[in-house]
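Q: One structure is given below, represented as structure tokens, and several questions about it will come after.
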Amino acid sequence: MTPKWLFALEAERAHALVECGLKIWGKLPHGFRLPNPALAQEILGLSLPNPIGLAAGFDKNATMVVGLSHLGFGAIEVGTLTSKAQPGNPKPRVFRYIDKQSLQNSMGFNNAGIKKAVQRLENLPPLPCLIGVNLGKNKDTPLAEALSDYEKALEASLGVGDYYVFNLSSPNTPNLRDLQNEDFVSELFSMAKERTHKPLFLKVAPDMPRDALLVVCERAIKAGAKGLIATNTTIDYSLLPGARTSGGLSGRVLHDKAKAVFAEVAEAFFGKVILVAVGGISDAKEAYERIKMGASFVQIFTSFIYQGPAICRQINQDIVKLLQQDGLSSVHEAVGIGQKR
Ligand SMILES: Cc1cc2nc3c(=O)[nH]c(=O)nc-3n(C[C@H](O)[C@H](O)[C@H](O)COP(=O)(O)O)c2cc1C
């Protein structure tokens with residue numbers, strides 16, 4: 001469990017302390033990894049050791065990657081990173097709703113810029129997990145120039161990611177979600193496909209109307225996306241009475257919505273591209289359900305904050321038991337089993 005006293009600190013202060021702890025943890029030889037062939041998969045030419053990923057936003061600047069890998073994550077998504085450093089929105093901008101195991105954040109892509117993160121990633125030892133690089137646009141870049149912002153960030157980071165994620169779905173950069181349209185995603189993925197053969201993902205918001213969402217995903221895939229990540233945080237404040245009126249909600253209150261959107265995405269695209277489920281996942285039962293719905297892997301963020309450093313190992317251990325109960329010998333066999341019936 002996360003020590004209770006951490007919750008007495010302002011959220012970003014607590015995060016800074018955890019960052020220090022994870023940097024030290026990363027220098028120690030041991031960890032919580034649970035290598036198990038039943039959990040491992042080959043996806044898109046990449047070796048994924050287990051199906052639990054860390055969602056973007058926890059390690060924005062790639063300062064904790066080694067420590068996080070010791071916690072057993074199969075994939076760590078750094079970022080969101082932008083081509084230039086930027087401070088993000090004014091603080092306070094992260095709020096806890098402890099009784100609801102939920103968070104609300106309006107960070108606004110605070111990050112030290114793609115170049116710093118790339119330098120860190122270039123100097124890492126070989127890691128037993130995948131590294132995803134999540135890219136966004138700078139707040140002061142007009143939408144009309146957004147493509148070149150993504151292009152610069154991608155070009156700067158081409159050597160360091162196993163896969164790349166285009167984030168058009170954060171609610172905390174003004175008008176960013178307007179880029180979730182057919183023309184922009186076509187241009188974006190066409191541009192990116194010309195620059196790298198590495199897998200490209202689109203991360204989507206849970207707040208789009210179903211048809212528009214599916215059309216945007218379809219276009220992204222046509223233009224070169226190899227995967228979809230559903231979902232980012234929600235601005236549906238009806239989900240949390242008393243929520244603030246800015247910032248995205250995550251954790252338990254997002255669970256139903258993120259799962260419903262993932263179900264729609266999976267129904268339309270399972271078997272065509274790799275699917276990643278994120279939003280309100282807090283235990284093995286839920287992770288396993290989304291895997292059976294079609295996720296090749298899942299990501300967690302808010303449940304990691306509330307449950308602490310052992311969550312990833314715990315979920316992986318429990319998934320092994322769930323596979324055995326279902327008579328399956330690997331996660332790979334479970335992926336999309338619910339779609340195939
Ligand atoms: C404090 C905070 C910061 C986040 N920052 C990012 C980000 O920079 N980029 C991104 O794509 N998603 C970001 N997210 C969204 C998460 O990656 C994830 O999609 C969302 O929180 C839902 O997962 P969860 O319910 O497990 O937290 C952030 C979430 C939180 C709580």
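A note on labels: chains of the structure tokens are A, B, ... as shown, every chain counts residues from 1, and ligands are counted from 1 in their shown order.
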Considering only C-alpha atoms and all ligand atoms, tabulate each residue of chain A that lies at most 7 Å from ligand 1 along with its nearest interatomic pair and the corresponding distance in Å to one decimal; arrange the rows by chain and ascending residue number and present them as CSV.
A:
```
residue,atom,partner,partner_atom_place_in_ligand_line,distance
A:Ala55,CA,ligand 1,17 (O),4.2
A:Ala56,CA,ligand 1,17 (O),4.0
A:Gly57,CA,ligand 1,5 (N),3.2
A:Phe58,CA,ligand 1,3 (C),6.1
A:Lys60,CA,ligand 1,8 (O),6.3
A:Gly79,CA,ligand 1,8 (O),5.4
A:Thr80,CA,ligand 1,8 (O),3.9
A:Val94,CA,ligand 1,1 (C),6.0
A:Leu103,CA,ligand 1,31 (C),5.6
A:Gln104,CA,ligand 1,31 (C),6.3
A:Asn105,CA,ligand 1,1 (C),5.1
A:Met107,CA,ligand 1,3 (C),6.3
A:Phe109,CA,ligand 1,8 (O),5.4
A:Asn134,CA,ligand 1,11 (O),6.4
A:Asn167,CA,ligand 1,11 (O),5.4
A:Ser170,CA,ligand 1,10 (C),6.3
A:Lys203,CA,ligand 1,11 (O),6.7
A:Thr231,CA,ligand 1,19 (O),5.4
A:Asn232,CA,ligand 1,19 (O),3.6
A:Thr233,CA,ligand 1,20 (C),4.7
A:Ser250,CA,ligand 1,25 (O),4.1
A:Gly251,CA,ligand 1,25 (O),3.5
A:Arg252,CA,ligand 1,25 (O),6.5
A:Leu254,CA,ligand 1,25 (O),6.0
A:His255,CA,ligand 1,25 (O),6.7
A:Val278,CA,ligand 1,23 (O),5.0
A:Gly279,CA,ligand 1,25 (O),3.5
A:Gly280,CA,ligand 1,25 (O),3.7
A:Ile281,CA,ligand 1,26 (O),5.4
A:Gln299,CA,ligand 1,26 (O),6.5
A:Ile300,CA,ligand 1,26 (O),3.9
A:Phe301,CA,ligand 1,26 (O),3.9
A:Thr302,CA,ligand 1,27 (O),3.7
A:Ser303,CA,ligand 1,26 (O),5.9
```
Q: For those residues, write C-alpha atoms to a file as a PDB file, in the first residue's frame.
A:
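Output below, filename result-v6.pdb:
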```pdb
ATOM      1  CA  ALA A  55       0.256   5.035 -18.351  1.00  0.00           C
ATOM      2  CA  ALA A  56       1.654   8.358 -19.558  1.00  0.00           C
ATOM      3  CA  GLY A  57       1.923  11.284 -17.176  1.00  0.00           C
ATOM      4  CA  PHE A  58       3.559   9.594 -14.190  1.00  0.00           C
ATOM      5  CA  LYS A  60       6.788  12.835 -17.793  1.00  0.00           C
ATOM      6  CA  GLY A  79       5.731  11.909 -21.373  1.00  0.00           C
ATOM      7  CA  THR A  80       3.663  13.573 -22.524  1.00  0.00           C
ATOM      8  CA  VAL A  94      -3.688  17.657  -9.142  1.00  0.00           C
ATOM      9  CA  LEU A 103      -7.801  11.941  -9.265  1.00  0.00           C
ATOM     10  CA  GLN A 104      -8.443  15.128 -11.158  1.00  0.00           C
ATOM     11  CA  ASN A 105      -5.541  16.789 -12.928  1.00  0.00           C
ATOM     12  CA  MET A 107      -1.265  19.537 -15.450  1.00  0.00           C
ATOM     13  CA  PHE A 109       1.944  18.939 -20.297  1.00  0.00           C
ATOM     14  CA  ASN A 134       4.077   9.894 -25.621  1.00  0.00           C
ATOM     15  CA  ASN A 167      -1.656  12.333 -27.552  1.00  0.00           C
ATOM     16  CA  SER A 170      -5.543  15.566 -23.059  1.00  0.00           C
ATOM     17  CA  LYS A 203      -4.398   7.783 -27.587  1.00  0.00           C
ATOM     18  CA  THR A 231      -8.653   6.155 -22.914  1.00  0.00           C
ATOM     19  CA  ASN A 232      -7.305   9.405 -21.563  1.00  0.00           C
ATOM     20  CA  THR A 233      -9.004  11.203 -18.636  1.00  0.00           C
ATOM     21  CA  SER A 250      -9.123   9.356 -13.673  1.00  0.00           C
ATOM     22  CA  GLY A 251      -9.334   6.267 -11.520  1.00  0.00           C
ATOM     23  CA  ARG A 252     -12.457   4.542 -10.258  1.00  0.00           C
ATOM     24  CA  LEU A 254     -13.509   6.792 -15.019  1.00  0.00           C
ATOM     25  CA  HIS A 255     -13.809   3.001 -14.953  1.00  0.00           C
ATOM     26  CA  VAL A 278      -6.465   2.265 -19.744  1.00  0.00           C
ATOM     27  CA  GLY A 279      -8.843   3.964 -17.339  1.00  0.00           C
ATOM     28  CA  GLY A 280      -9.947   2.816 -13.904  1.00  0.00           C
ATOM     29  CA  ILE A 281      -8.035  -0.463 -13.919  1.00  0.00           C
ATOM     30  CA  GLN A 299      -2.007   0.574 -18.433  1.00  0.00           C
ATOM     31  CA  ILE A 300      -2.518   1.914 -14.935  1.00  0.00           C
ATOM     32  CA  PHE A 301      -1.924   5.271 -13.300  1.00  0.00           C
ATOM     33  CA  THR A 302      -4.386   6.242 -10.556  1.00  0.00           C
ATOM     34  CA  SER A 303      -4.513   2.801  -8.949  1.00  0.00           C
TER      35      SER A 303
END
```
Q: As a list in words, list the residues of range 184-325 of chain A assigned to strand (DSSP E) by DSSP on the backbone atoms of this structure.
A: Leu200, Phe201, Leu202, Lys203, Val204, Gly227, Leu228, Ile229, Ala230, Gly248, Leu249, Ser250, Gly251, Ile274, Leu275, Val276, Ala277, Val278, Phe297, Val298, Gln299 and Ile300 of chain A
Q: Which is closer to Ser148 in chain A than all the others in A:Ala220, A:Ile311, A:Cys20, A:Leu188, using only C-alpha atoms?
A: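 Smallest distance to Ser148 in chain A is found for A:Leu188.
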Q: Please provide the set of residues having any atom within 8 Å of Ala38 in chain A, restricted to only C-alpha atoms, with same-chain residues fewer than 4 positions apart removed, written as a PDB file with N, CA, C and O atoms, in the first residue's frame.
A:
```
ATOM      1  N   VAL A 320      -1.809 -14.592 -13.647  1.00  0.00           N
ATOM      2  CA  VAL A 320      -1.359 -15.972 -13.866  1.00  0.00           C
ATOM      3  C   VAL A 320      -2.400 -16.944 -13.315  1.00  0.00           C
ATOM      4  O   VAL A 320      -2.764 -17.937 -13.961  1.00  0.00           O
ATOM      5  N   SER A 329      -2.868 -21.060 -21.306  1.00  0.00           N
ATOM      6  CA  SER A 329      -1.460 -21.171 -20.925  1.00  0.00           C
ATOM      7  C   SER A 329      -0.703 -19.852 -21.079  1.00  0.00           C
ATOM      8  O   SER A 329       0.440 -19.747 -20.647  1.00  0.00           O
ATOM      9  N   SER A 330      -1.334 -18.847 -21.677  1.00  0.00           N
ATOM     10  CA  SER A 330      -0.617 -17.573 -21.820  1.00  0.00           C
ATOM     11  C   SER A 330      -1.594 -16.413 -22.003  1.00  0.00           C
ATOM     12  O   SER A 330      -2.741 -16.606 -22.436  1.00  0.00           O
ATOM     13  N   VAL A 331      -1.105 -15.228 -21.687  1.00  0.00           N
ATOM     14  CA  VAL A 331      -1.885 -14.012 -21.917  1.00  0.00           C
ATOM     15  C   VAL A 331      -2.263 -13.905 -23.391  1.00  0.00           C
ATOM     16  O   VAL A 331      -3.381 -13.520 -23.739  1.00  0.00           O
TER      17      VAL A 331
END
```
Q: What lies within 7 Å of Asn138 in chain A using only C-alpha atoms, ignoring chain neighbours under 2 positions off, as a ChimeraX atom specification?
A: /A:82-84,136,140-141
Q: From the options A:Ala260, A:Leu168, A:Val215, A:Ala243, which residue's atoms come nearest to Phe95 in chain A, counting only C-alpha atoms?
A: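 Using only C-alpha atoms, the shortest distance to Phe95 in chain A belongs to A:Ala243.
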